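> Here you go, one structure.
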Amino acid sequence: MREFSDEELERYSRHIILQDVGIEGQEKIANSKVLVIGAGGLGSPVALYLAAAGVGEIGIVDGDVVDLSNLQRQVIHTTADVNVPKVLSAKAKMEAINPNVKVTVYQKFLDASNILDIVKGYDFVIDGTDNFSSKFLINDACVLANVPYSHGGILRFGGQTMTVKPKESACYACVFDSPPPANAIPTCSSAGILGAVAGMLGTIQAAEALKYIVGVGEPLYNRLLTFDAKTMNFRNVNFKKNPKCRVCGEHGIKEIKDYEAVVCEAKL
Amino acid sequence: MKLTINGESKEIKDGISLPELLVIENVEQPDMVSVQLNDEFVRQDEHKGITLKENDSINFLYFMGGGA
């Protein structure tokens, strides 16, 4: 455990006075390591809130550079960051918000050759990616490495999220089995996304990560939270871990493989 | 008969099959939706053989691949 400085005690005072967090919860946050995969629509709010919350170490993964069309929703990047690698742009904002946080950047895209080694070093993972091959790859890696993670997906005015605790709760493949064929499902670049919807879902993912770290409340295990911002209806669909799941079931995967690259969001 | 579809109670004609319900409910891409019947997921290749009964609860879960 670590001793908080006066500056930190003041900075985190609104967490510390929360009965369910307290100084112990804030210490857990400060000692935790969270990996944010994707520094885009979901990754932006997640990275900002986790840095502000004082997560001790935050890894951020993205191989892309900031594009003008990102700025409508990717709130960690500014107009001056266009053409700057997203991970560097994100790191600068996170450190500006909270210099106590250690930010590790991975300026690359994850695949079967590198994902397990990276994921293994973290306590919790955030899926903020924009394509199904990555979403299923993250699920596989987290199940194999036994690291809990938050799945997130958004489209148009809607979002969905679930939290996965490998071996204990249902995984993404328990619900959706395997990636849809290329181009079968509209994407944000082809169908659009309301910028604020990315913020709504990303902040839910950040809250799930912090709940998990502190050990408070009921994570989104064994349920998919979906919402439609047009009607502002939120709904939980409950399910159980599938014993026959292709990934986490009794005869689940033993090694990591790439899914067929489905480049849905080629270049934003 | 009464069915619960995505959490809402609806009156649907008796004896329809799951694929027929997907049509009635205007599910855009029936082969791209994960169907849950009374808390169990139904495999895509098992849709055809399923006839719905009074008080069945059905959820349609859609793929959402966006994030960036």
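Order determines the names: the first chain of the structure tokens is A, the second B, and so forth; residues in each chain are numbered 1 upward, and ligands are numbered 1 upward as they are shown.
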List the neighbours of segment 208-210 of chain A out to 10 Å using only C-alpha atoms; skip same-chain residues closer than 3 positions along the sequence, and give me the result as a count of residues only.

34

> Using only C-alpha atoms, find each residue in segment 7-68 of chain B having at least one atom no more than 12 Å away from segment 184-198 of chain A; report its shortest atom-to-atom pair and that distance in Å (one decimal), rows by chain then rising number, as JSON lines.


```
{"residue": "B:Glu28", "atom": "CA", "partner": "A:Ile185", "partner_atom": "CA", "distance": 10.5}
{"residue": "B:Gln29", "atom": "CA", "partner": "A:Ala184", "partner_atom": "CA", "distance": 8.7}
{"residue": "B:Pro30", "atom": "CA", "partner": "A:Ala184", "partner_atom": "CA", "distance": 11.4}
{"residue": "B:Asp31", "atom": "CA", "partner": "A:Ala184", "partner_atom": "CA", "distance": 9.8}
{"residue": "B:Met32", "atom": "CA", "partner": "A:Ala184", "partner_atom": "CA", "distance": 7.8}
{"residue": "B:Val33", "atom": "CA", "partner": "A:Ile185", "partner_atom": "CA", "distance": 10.2}
{"residue": "B:Tyr62", "atom": "CA", "partner": "A:Ile185", "partner_atom": "CA", "distance": 9.4}
{"residue": "B:Phe63", "atom": "CA", "partner": "A:Ile185", "partner_atom": "CA", "distance": 7.3}
{"residue": "B:Met64", "atom": "CA", "partner": "A:Ile185", "partner_atom": "CA", "distance": 7.9}
{"residue": "B:Gly65", "atom": "CA", "partner": "A:Thr187", "partner_atom": "CA", "distance": 6.5}
{"residue": "B:Gly66", "atom": "CA", "partner": "A:Cys188", "partner_atom": "CA", "distance": 5.5}
{"residue": "B:Gly67", "atom": "CA", "partner": "A:Ala198", "partner_atom": "CA", "distance": 7.1}
{"residue": "B:Ala68", "atom": "CA", "partner": "A:Cys188", "partner_atom": "CA", "distance": 7.9}
```

> Would you mind listing, as a ChimeraX atom specification, all residues of chain A that have at least one atom within 8 Å of chain B, where only C-alpha atoms are what counts?

/A:38-43,70,74,128-132,135,152-155,159-160,175-176,180,184-185,187-188,198,237-240

> Distance atom CA of Gln107 of chain A-atom CA of Pro85 of chain A, one decimal place?

7.5 Å

> Among chain B, which ones does DSSP place in alpha helix (DSSP H), written as a ChimeraX atom specification?

/B:18-24

> In Å, how far is it from atom CA of Asn26 of chain B to atom CA of Ile5 of chain B?

12.3 Å

> According to DSSP computed on the backbone, where in segment 3-242 of chain A is there strand (DSSP E)? Give the residues as a ChimeraX atom specification.

/A:33-37,57-61,102-106,124-127,149-155,158-164,223-228,233-238

> Taking only C-alpha atoms into account, which of B:Leu37, B:Leu22, B:Gly15, B:Val27 comes nearest Thr51 of chain B?

B:Gly15
